[in-house]
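So the structure is just underneath, and the comments pick up after that.
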Amino acid sequence: MSWNTKNGIKIAGTEVSDALLIRLGWLLPMMTVVTSMSIHALSGHARAIPFFVSESDYPGLEGTVFTTGLAITGVLVCILAYRLNLAVQERDSKWIQISLYSGILAGMSLSVLAFANIYDMLLIHSIASLLVFVGGFVWGASMHKLYSNSTPYGSKLRSMGLWMTALGIVLMNVSLGVYVFWKRDELSMQDAHVDILNQIQPAINIAAPAEYLLIAGLMVTLASIGRDYQKD
């Protein structure tokens with residue numbers, strides 16, 4: 001396997017272009033999330049509607065789709081962080097190292113999240129989720145800086161994606177934090193994880209759509225980088 005070919009990586013003699021890697025980087029997680037959530041809802045396994053994306057990591061087909069798709073995406077993100085970093089090495093900017101390390105952090109955390117399900121490993125899952133969202137946002141913002149002189153359409157699309165991500169992160173965390181603080185005397189955090197989720201469902205009614213927004217924002221951001229990368 002070669003990581004440093006001119007236009008992509010080479011696996012078993014077959015070159016996979018950077019353009020294809022970027023496309024897979026946002027298409028695969030989008031398809032994974034939509035498919036696993038749809039199966040989870042339609043199968044009757046959903047605890048409530050709306051629910052967090054990670055709740056579709058449920059025993060059965062939806063859990064297999066969730067884990068497999070996001071584990072592969074995590075590896076893809078790490079590869080993309082490295083490949084996109086190579087493309088801007090000649091630019092004298094502090095954002096180059098930030099983009100590399102934040103991208104790898106987001107990718108590794110996504111692979112951990114894929115296996116640390118919300119039902120059995122809530123703490124690890126929560127930490128991994130935070131690192132994915134924050135790492136992904138920092139990665140997108142740093143690449144936005146590095147591609148600041150790119151096409152106007154790509155730059156506007158990327159700005160929109162980053163604003164969507166930032167708004168989603170804030171809404172999700174504030175809604176959960178405020179509700180838990182407000183109801184702290186009534187909540188029993190020693191219960192089973194499913195029971196905890198049931199207790200905070202009023203907050204999830206806001207936090208879950210916010211999570212959908214921030215995930216969509218990350219995908220829009222990566223897709224916009226793909227447009228500019230091909231034109232650079």
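For the structure tokens, the naming scheme is as follows: chains receive sequential letters (A, B, ...) according to their order of presentation, residues are indexed from 1 within each chain, and ligands are indexed from 1 in presentation order.
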### Query
Which residues, written as a ChimeraX atom specification, have at least one atom at most 9 Å from Ala223 (chain A), with only C-alpha atoms counted and residues fewer than 2 positions away on the same chain left out?
/A:22-23,25-27,154,157-158,218-221,225-227
Resulting file, chosen residues, all heavy atoms, as a short mmCIF file (atom, residue, chain, number, x, y, z; two decimals), in the first residue's frame:
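Below you can see out-v2.cif, which holds the result:
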```
data_model
loop_
_atom_site.label_atom_id
_atom_site.label_comp_id
_atom_site.auth_asym_id
_atom_site.auth_seq_id
_atom_site.Cartn_x
_atom_site.Cartn_y
_atom_site.Cartn_z
N ILE A 22 -12.65 11.62 -0.76
CA ILE A 22 -13.43 12.70 -0.17
C ILE A 22 -14.92 12.42 -0.33
O ILE A 22 -15.71 12.61 0.60
CB ILE A 22 -13.06 14.05 -0.80
CG1 ILE A 22 -11.61 14.42 -0.45
CG2 ILE A 22 -14.01 15.14 -0.33
CD1 ILE A 22 -11.09 15.64 -1.19
N ARG A 23 -15.30 11.95 -1.53
CA ARG A 23 -16.71 11.66 -1.78
C ARG A 23 -17.20 10.55 -0.84
O ARG A 23 -18.29 10.65 -0.27
CB ARG A 23 -16.90 11.25 -3.24
CG ARG A 23 -18.35 11.29 -3.72
CD ARG A 23 -18.46 11.09 -5.21
NE ARG A 23 -17.80 12.15 -5.95
CZ ARG A 23 -16.73 11.99 -6.73
NH1 ARG A 23 -16.21 10.79 -6.90
NH2 ARG A 23 -16.21 13.01 -7.36
N GLY A 25 -15.91 9.94 2.00
CA GLY A 25 -15.82 10.47 3.35
C GLY A 25 -17.09 11.09 3.86
O GLY A 25 -17.35 11.09 5.08
N TRP A 26 -17.92 11.64 2.95
CA TRP A 26 -19.20 12.18 3.42
C TRP A 26 -20.41 11.35 2.99
O TRP A 26 -21.42 11.31 3.67
CB TRP A 26 -19.37 13.65 2.97
CG TRP A 26 -19.43 13.89 1.49
CD1 TRP A 26 -18.39 14.17 0.66
CD2 TRP A 26 -20.62 13.91 0.66
NE1 TRP A 26 -18.84 14.36 -0.63
CE2 TRP A 26 -20.20 14.22 -0.66
CE3 TRP A 26 -21.97 13.71 0.91
CZ2 TRP A 26 -21.09 14.30 -1.72
CZ3 TRP A 26 -22.86 13.80 -0.15
CH2 TRP A 26 -22.42 14.10 -1.44
N LEU A 27 -20.28 10.63 1.87
CA LEU A 27 -21.39 9.79 1.43
C LEU A 27 -21.59 8.57 2.33
O LEU A 27 -22.73 8.21 2.67
CB LEU A 27 -21.16 9.31 -0.01
CG LEU A 27 -21.69 10.19 -1.14
CD1 LEU A 27 -21.30 9.62 -2.49
CD2 LEU A 27 -23.21 10.34 -1.04
N GLY A 154 -17.52 27.21 -3.22
CA GLY A 154 -17.01 26.25 -2.24
C GLY A 154 -16.83 26.89 -0.88
O GLY A 154 -17.14 26.29 0.15
N LEU A 157 -20.25 27.49 0.70
CA LEU A 157 -20.82 26.20 1.12
C LEU A 157 -20.15 25.73 2.40
O LEU A 157 -20.81 25.23 3.32
CB LEU A 157 -20.63 25.18 0.00
CG LEU A 157 -21.36 23.83 0.16
CD1 LEU A 157 -22.87 24.03 0.15
CD2 LEU A 157 -20.95 22.88 -0.97
N ARG A 158 -18.84 25.90 2.47
CA ARG A 158 -18.09 25.48 3.65
C ARG A 158 -18.48 26.33 4.86
O ARG A 158 -18.62 25.81 5.97
CB ARG A 158 -16.60 25.58 3.36
CG ARG A 158 -15.73 24.84 4.35
CD ARG A 158 -14.39 24.46 3.76
NE ARG A 158 -13.78 25.51 2.98
CZ ARG A 158 -13.70 25.51 1.65
NH1 ARG A 158 -14.22 24.51 0.96
NH2 ARG A 158 -13.10 26.50 1.00
N LEU A 218 -21.16 18.89 9.10
CA LEU A 218 -19.84 18.29 8.86
C LEU A 218 -19.75 17.68 7.47
O LEU A 218 -18.71 17.79 6.80
CB LEU A 218 -19.56 17.22 9.93
CG LEU A 218 -19.31 17.73 11.36
CD1 LEU A 218 -19.22 16.56 12.32
CD2 LEU A 218 -18.04 18.58 11.42
N MET A 219 -20.82 17.07 7.01
CA MET A 219 -20.83 16.47 5.68
C MET A 219 -20.78 17.53 4.59
O MET A 219 -20.08 17.38 3.58
CB MET A 219 -22.06 15.57 5.52
CG MET A 219 -22.05 14.37 6.44
SD MET A 219 -23.54 13.34 6.28
CE MET A 219 -23.34 12.23 7.67
N VAL A 220 -21.52 18.62 4.79
CA VAL A 220 -21.49 19.74 3.84
C VAL A 220 -20.08 20.33 3.78
O VAL A 220 -19.57 20.65 2.70
CB VAL A 220 -22.52 20.82 4.24
CG1 VAL A 220 -22.29 22.11 3.44
CG2 VAL A 220 -23.94 20.32 4.02
N THR A 221 -19.45 20.47 4.93
CA THR A 221 -18.09 21.02 4.98
C THR A 221 -17.11 20.16 4.20
O THR A 221 -16.31 20.68 3.40
CB THR A 221 -17.63 21.15 6.45
OG1 THR A 221 -18.53 21.99 7.17
CG2 THR A 221 -16.23 21.73 6.52
N ILE A 225 -14.98 20.93 0.63
CA ILE A 225 -13.53 20.78 0.50
C ILE A 225 -13.20 19.96 -0.74
O ILE A 225 -12.26 20.24 -1.47
CB ILE A 225 -12.93 20.13 1.76
CG1 ILE A 225 -13.06 21.07 2.96
CG2 ILE A 225 -11.46 19.75 1.54
CD1 ILE A 225 -12.68 20.45 4.29
N GLY A 226 -14.03 18.95 -0.99
CA GLY A 226 -13.84 18.11 -2.18
C GLY A 226 -13.95 18.92 -3.45
O GLY A 226 -13.17 18.73 -4.40
N ARG A 227 -14.89 19.84 -3.52
CA ARG A 227 -15.05 20.69 -4.71
C ARG A 227 -13.80 21.54 -4.94
O ARG A 227 -13.28 21.62 -6.04
CB ARG A 227 -16.26 21.61 -4.54
CG ARG A 227 -17.61 20.92 -4.64
CD ARG A 227 -18.72 21.94 -4.46
NE ARG A 227 -18.63 22.96 -5.48
CZ ARG A 227 -19.23 22.92 -6.68
NH1 ARG A 227 -19.96 21.87 -6.99
NH2 ARG A 227 -19.11 23.91 -7.54
#
```
Counting only C-alpha atoms, which residues of region 39-101 of chain A fall within 8 Å of region 199-212 of chain A, and what is the closest atom pair for each with its distance in Å at one decimal, ordered by chain and rising number, as a tab-separated table?
```
residue	atom	partner	partner_atom	distance
A:Ala48	CA	A:Gln201	CA	7.9
A:Ile49	CA	A:Asn205	CA	7.8
A:Pro50	CA	A:Asn205	CA	6.0
A:Phe51	CA	A:Ala208	CA	5.8
A:Phe52	CA	A:Ala208	CA	5.0
A:Val53	CA	A:Ala208	CA	7.5
```
Closest atom pairs, residues of region 133-193 of chain A within 10 Å of region 99-118 of chain A, only C-alpha atoms, as a tab-separated table:
```
residue	atom	partner	partner_atom	distance
A:Phe133	CA	A:Ala106	CA	7.3
A:Val134	CA	A:Ala106	CA	7.8
A:Gly135	CA	A:Ala106	CA	4.8
A:Gly136	CA	A:Ala106	CA	5.4
A:Phe137	CA	A:Ser102	CA	8.6
A:Val138	CA	A:Ser102	CA	6.3
A:Trp139	CA	A:Ser99	CA	4.9
A:Gly140	CA	A:Ser99	CA	7.7
A:Ala141	CA	A:Ser99	CA	8.2
A:Ser142	CA	A:Ser99	CA	5.3
A:Met143	CA	A:Ser99	CA	6.3
A:His144	CA	A:Ser99	CA	9.7
A:Lys145	CA	A:Ser99	CA	9.7
A:Leu146	CA	A:Ser99	CA	8.9
A:His193	CA	A:Ile118	CA	7.7
```
How would the residues just picked look written out with N, CA, C and O atoms as a PDB file, in the first residue's frame?
```
ATOM      1  N   PHE A 133     -17.210  15.439  17.198  1.00  0.00           N
ATOM      2  CA  PHE A 133     -17.874  16.671  16.792  1.00  0.00           C
ATOM      3  C   PHE A 133     -16.932  17.874  16.852  1.00  0.00           C
ATOM      4  O   PHE A 133     -16.852  18.664  15.907  1.00  0.00           O
ATOM      5  N   VAL A 134     -16.211  18.007  17.966  1.00  0.00           N
ATOM      6  CA  VAL A 134     -15.300  19.146  18.109  1.00  0.00           C
ATOM      7  C   VAL A 134     -14.106  18.996  17.167  1.00  0.00           C
ATOM      8  O   VAL A 134     -13.703  19.945  16.496  1.00  0.00           O
ATOM      9  N   GLY A 135     -13.532  17.768  17.111  1.00  0.00           N
ATOM     10  CA  GLY A 135     -12.412  17.534  16.208  1.00  0.00           C
ATOM     11  C   GLY A 135     -12.797  17.755  14.759  1.00  0.00           C
ATOM     12  O   GLY A 135     -12.045  18.349  13.979  1.00  0.00           O
ATOM     13  N   GLY A 136     -13.999  17.293  14.388  1.00  0.00           N
ATOM     14  CA  GLY A 136     -14.478  17.491  13.024  1.00  0.00           C
ATOM     15  C   GLY A 136     -14.679  18.953  12.696  1.00  0.00           C
ATOM     16  O   GLY A 136     -14.357  19.415  11.590  1.00  0.00           O
ATOM     17  N   PHE A 137     -15.205  19.713  13.658  1.00  0.00           N
ATOM     18  CA  PHE A 137     -15.409  21.149  13.434  1.00  0.00           C
ATOM     19  C   PHE A 137     -14.072  21.867  13.267  1.00  0.00           C
ATOM     20  O   PHE A 137     -13.910  22.695  12.361  1.00  0.00           O
ATOM     21  N   VAL A 138     -13.111  21.564  14.137  1.00  0.00           N
ATOM     22  CA  VAL A 138     -11.793  22.206  14.046  1.00  0.00           C
ATOM     23  C   VAL A 138     -11.112  21.827  12.736  1.00  0.00           C
ATOM     24  O   VAL A 138     -10.480  22.672  12.082  1.00  0.00           O
ATOM     25  N   TRP A 139     -11.247  20.581  12.336  1.00  0.00           N
ATOM     26  CA  TRP A 139     -10.676  20.135  11.060  1.00  0.00           C
ATOM     27  C   TRP A 139     -11.291  20.922   9.905  1.00  0.00           C
ATOM     28  O   TRP A 139     -10.590  21.442   9.032  1.00  0.00           O
ATOM     29  N   GLY A 140     -12.612  21.017   9.895  1.00  0.00           N
ATOM     30  CA  GLY A 140     -13.286  21.758   8.835  1.00  0.00           C
ATOM     31  C   GLY A 140     -12.901  23.220   8.834  1.00  0.00           C
ATOM     32  O   GLY A 140     -12.659  23.816   7.769  1.00  0.00           O
ATOM     33  N   ALA A 141     -12.821  23.843  10.029  1.00  0.00           N
ATOM     34  CA  ALA A 141     -12.469  25.261  10.122  1.00  0.00           C
ATOM     35  C   ALA A 141     -11.036  25.504   9.655  1.00  0.00           C
ATOM     36  O   ALA A 141     -10.751  26.500   8.964  1.00  0.00           O
ATOM     37  N   SER A 142     -10.122  24.593  10.014  1.00  0.00           N
ATOM     38  CA  SER A 142      -8.728  24.765   9.601  1.00  0.00           C
ATOM     39  C   SER A 142      -8.575  24.586   8.098  1.00  0.00           C
ATOM     40  O   SER A 142      -7.825  25.332   7.445  1.00  0.00           O
ATOM     41  N   MET A 143      -9.296  23.635   7.515  1.00  0.00           N
ATOM     42  CA  MET A 143      -9.244  23.469   6.071  1.00  0.00           C
ATOM     43  C   MET A 143      -9.881  24.660   5.365  1.00  0.00           C
ATOM     44  O   MET A 143      -9.456  25.065   4.276  1.00  0.00           O
ATOM     45  N   HIS A 144     -10.888  25.253   5.996  1.00  0.00           N
ATOM     46  CA  HIS A 144     -11.517  26.458   5.435  1.00  0.00           C
ATOM     47  C   HIS A 144     -10.484  27.587   5.355  1.00  0.00           C
ATOM     48  O   HIS A 144     -10.436  28.333   4.373  1.00  0.00           O
ATOM     49  N   LYS A 145      -9.672  27.704   6.400  1.00  0.00           N
ATOM     50  CA  LYS A 145      -8.618  28.718   6.400  1.00  0.00           C
ATOM     51  C   LYS A 145      -7.590  28.434   5.308  1.00  0.00           C
ATOM     52  O   LYS A 145      -7.133  29.346   4.609  1.00  0.00           O
ATOM     53  N   LEU A 146      -7.216  27.177   5.164  1.00  0.00           N
ATOM     54  CA  LEU A 146      -6.211  26.811   4.173  1.00  0.00           C
ATOM     55  C   LEU A 146      -6.721  26.982   2.750  1.00  0.00           C
ATOM     56  O   LEU A 146      -5.942  27.193   1.823  1.00  0.00           O
ATOM     57  N   HIS A 193     -28.810   2.831  31.370  1.00  0.00           N
ATOM     58  CA  HIS A 193     -28.620   3.899  30.399  1.00  0.00           C
ATOM     59  C   HIS A 193     -29.890   4.221  29.616  1.00  0.00           C
ATOM     60  O   HIS A 193     -30.167   5.376  29.304  1.00  0.00           O
TER      61      HIS A 193
END
```
### Task
Give me every alpha helix (DSSP H) residue in region 29-230 of chain A, going by DSSP on the backbone, as a VMD selection string.
chain A and resid 29 to 42 61 to 87 95 to 115 122 to 146 152 to 182 193 to 199 201 to 230
Next, dump the selected residues to file, keeping only C-alpha atoms, as a compact mmCIF listing (two decimals), in the first residue's frame.
```txt
# COMPACT_ATOMS: atom_id res chain seq x y z
CA PRO A 29 -21.47 8.26 6.92
CA MET A 30 -24.59 9.88 5.46
CA MET A 31 -25.80 6.55 4.07
CA THR A 32 -24.83 4.77 7.30
CA VAL A 33 -26.70 7.19 9.54
CA VAL A 34 -29.83 7.37 7.37
CA THR A 35 -29.97 3.58 6.91
CA SER A 36 -29.35 2.61 10.53
CA MET A 37 -31.77 5.23 11.87
CA SER A 38 -34.46 4.20 9.40
CA ILE A 39 -34.14 0.52 10.32
CA HIS A 40 -34.15 1.41 14.01
CA ALA A 41 -37.33 3.49 13.71
CA LEU A 42 -39.24 1.20 11.32
CA LEU A 61 -29.23 -5.14 11.54
CA GLU A 62 -29.24 -1.44 12.44
CA GLY A 63 -26.35 -1.93 14.86
CA THR A 64 -24.33 -3.83 12.26
CA VAL A 65 -24.87 -1.07 9.69
CA PHE A 66 -23.99 1.63 12.24
CA THR A 67 -20.82 0.00 13.53
CA THR A 68 -19.49 -1.15 10.16
CA GLY A 69 -20.19 2.10 8.33
CA LEU A 70 -18.80 4.44 10.97
CA ALA A 71 -15.75 2.28 11.73
CA ILE A 72 -14.78 2.40 8.04
CA THR A 73 -15.55 6.13 7.92
CA GLY A 74 -13.21 6.71 10.87
CA VAL A 75 -10.33 5.11 8.96
CA LEU A 76 -11.27 7.12 5.85
CA VAL A 77 -11.22 10.39 7.80
CA CYS A 78 -7.71 9.64 9.11
CA ILE A 79 -6.52 8.93 5.56
CA LEU A 80 -8.17 12.11 4.29
CA ALA A 81 -6.61 14.20 7.05
CA TYR A 82 -3.20 12.95 5.92
CA ARG A 83 -3.83 13.29 2.18
CA LEU A 84 -5.37 16.77 2.41
CA ASN A 85 -2.49 17.82 4.61
CA LEU A 86 -0.02 16.76 1.92
CA ALA A 87 -1.83 18.94 -0.62
CA TRP A 95 -3.40 25.69 10.24
CA ILE A 96 -1.59 22.86 8.45
CA GLN A 97 -0.67 21.01 11.65
CA ILE A 98 -3.99 21.86 13.27
CA SER A 99 -5.86 20.35 10.33
CA LEU A 100 -3.76 17.16 10.39
CA TYR A 101 -4.07 16.45 14.11
CA SER A 102 -7.73 17.46 14.44
CA GLY A 103 -8.67 15.32 11.43
CA ILE A 104 -6.86 12.28 12.80
CA LEU A 105 -8.42 12.87 16.24
CA ALA A 106 -11.91 13.01 14.69
CA GLY A 107 -11.30 9.87 12.64
CA MET A 108 -9.88 7.80 15.49
CA SER A 109 -12.65 8.94 17.83
CA LEU A 110 -15.27 8.01 15.23
CA SER A 111 -13.91 4.47 15.05
CA VAL A 112 -14.02 4.23 18.86
CA LEU A 113 -17.59 5.57 18.85
CA ALA A 114 -18.59 2.95 16.30
CA PHE A 115 -17.79 0.15 18.76
CA LEU A 122 -22.22 5.55 27.80
CA LEU A 123 -19.24 7.43 29.25
CA ILE A 124 -16.74 6.27 26.59
CA HIS A 125 -19.36 6.86 23.91
CA SER A 126 -20.06 10.39 25.14
CA ILE A 127 -16.36 11.31 25.23
CA ALA A 128 -15.80 9.85 21.75
CA SER A 129 -18.83 11.73 20.41
CA LEU A 130 -17.54 15.03 21.80
CA LEU A 131 -14.12 14.45 20.23
CA VAL A 132 -15.70 13.56 16.88
CA PHE A 133 -17.87 16.67 16.79
CA VAL A 134 -15.30 19.15 18.11
CA GLY A 135 -12.41 17.53 16.21
CA GLY A 136 -14.48 17.49 13.02
CA PHE A 137 -15.41 21.15 13.43
CA VAL A 138 -11.79 22.21 14.05
CA TRP A 139 -10.68 20.14 11.06
CA GLY A 140 -13.29 21.76 8.84
CA ALA A 141 -12.47 25.26 10.12
CA SER A 142 -8.73 24.77 9.60
CA MET A 143 -9.24 23.47 6.07
CA HIS A 144 -11.52 26.46 5.44
CA LYS A 145 -8.62 28.72 6.40
CA LEU A 146 -6.21 26.81 4.17
CA PRO A 152 -16.46 31.48 -3.95
CA TYR A 153 -19.14 28.78 -4.12
CA GLY A 154 -17.01 26.25 -2.24
CA SER A 155 -16.09 28.82 0.39
CA LYS A 156 -19.73 29.84 0.94
CA LEU A 157 -20.82 26.20 1.12
CA ARG A 158 -18.09 25.48 3.65
CA SER A 159 -19.06 28.50 5.75
CA MET A 160 -22.65 27.29 5.79
CA GLY A 161 -21.55 23.80 6.85
CA LEU A 162 -19.39 25.17 9.66
CA TRP A 163 -22.20 27.40 10.94
CA MET A 164 -24.57 24.42 10.88
CA THR A 165 -22.04 22.38 12.84
CA ALA A 166 -21.37 25.10 15.41
CA LEU A 167 -25.07 25.78 15.94
CA GLY A 168 -25.78 22.06 16.32
CA ILE A 169 -23.00 21.61 18.90
CA VAL A 170 -24.21 24.58 20.95
CA LEU A 171 -27.91 23.65 20.83
CA MET A 172 -27.26 20.01 21.67
CA ASN A 173 -25.03 20.68 24.66
CA VAL A 174 -26.99 23.64 26.03
CA SER A 175 -30.34 21.82 25.83
CA LEU A 176 -28.93 18.78 27.62
CA GLY A 177 -26.95 20.79 30.16
CA VAL A 178 -29.79 23.14 31.07
CA TYR A 179 -32.31 20.31 31.41
CA VAL A 180 -30.05 18.12 33.57
CA PHE A 181 -29.23 21.11 35.81
CA TRP A 182 -32.87 22.14 36.04
CA HIS A 193 -28.62 3.90 30.40
CA VAL A 194 -31.94 3.42 28.61
CA ASP A 195 -33.77 4.73 31.66
CA ILE A 196 -31.48 7.76 31.78
CA LEU A 197 -32.29 8.51 28.14
CA ASN A 198 -36.01 8.19 28.91
CA GLN A 199 -35.66 10.64 31.80
CA GLN A 201 -36.25 12.83 26.58
CA PRO A 202 -37.66 16.38 26.84
CA ALA A 203 -34.10 17.65 26.30
CA ILE A 204 -33.46 15.06 23.58
CA ASN A 205 -36.44 16.50 21.69
CA ILE A 206 -34.18 19.50 21.05
CA ALA A 207 -30.75 17.87 21.28
CA ALA A 208 -31.40 15.10 18.74
CA PRO A 209 -32.44 17.44 15.87
CA ALA A 210 -29.45 19.61 16.81
CA GLU A 211 -27.23 16.53 16.43
CA TYR A 212 -28.72 15.87 12.99
CA LEU A 213 -27.94 19.48 12.05
CA LEU A 214 -24.32 19.32 13.16
CA ILE A 215 -23.73 15.99 11.39
CA ALA A 216 -25.21 17.42 8.19
CA GLY A 217 -22.97 20.46 8.65
CA LEU A 218 -19.84 18.29 8.86
CA MET A 219 -20.83 16.47 5.68
CA VAL A 220 -21.49 19.74 3.84
CA THR A 221 -18.09 21.02 4.98
CA LEU A 222 -16.24 17.96 3.71
CA ALA A 223 -18.16 17.96 0.44
CA SER A 224 -17.19 21.61 -0.13
CA ILE A 225 -13.53 20.78 0.50
CA GLY A 226 -13.84 18.11 -2.18
CA ARG A 227 -15.05 20.69 -4.71
CA ASP A 228 -12.15 23.03 -4.02
CA TYR A 229 -9.56 20.27 -3.78
CA GLN A 230 -10.33 19.22 -7.36
```
### Query
How many Å lie between CA of Lys6 (chain A) and CA of Val88 (chain A), rounded to one decimal?
13.0 Å
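Put simply, CA of Leu24 (chain A) is 20.3 Å away from CA of Tyr147 (chain A).
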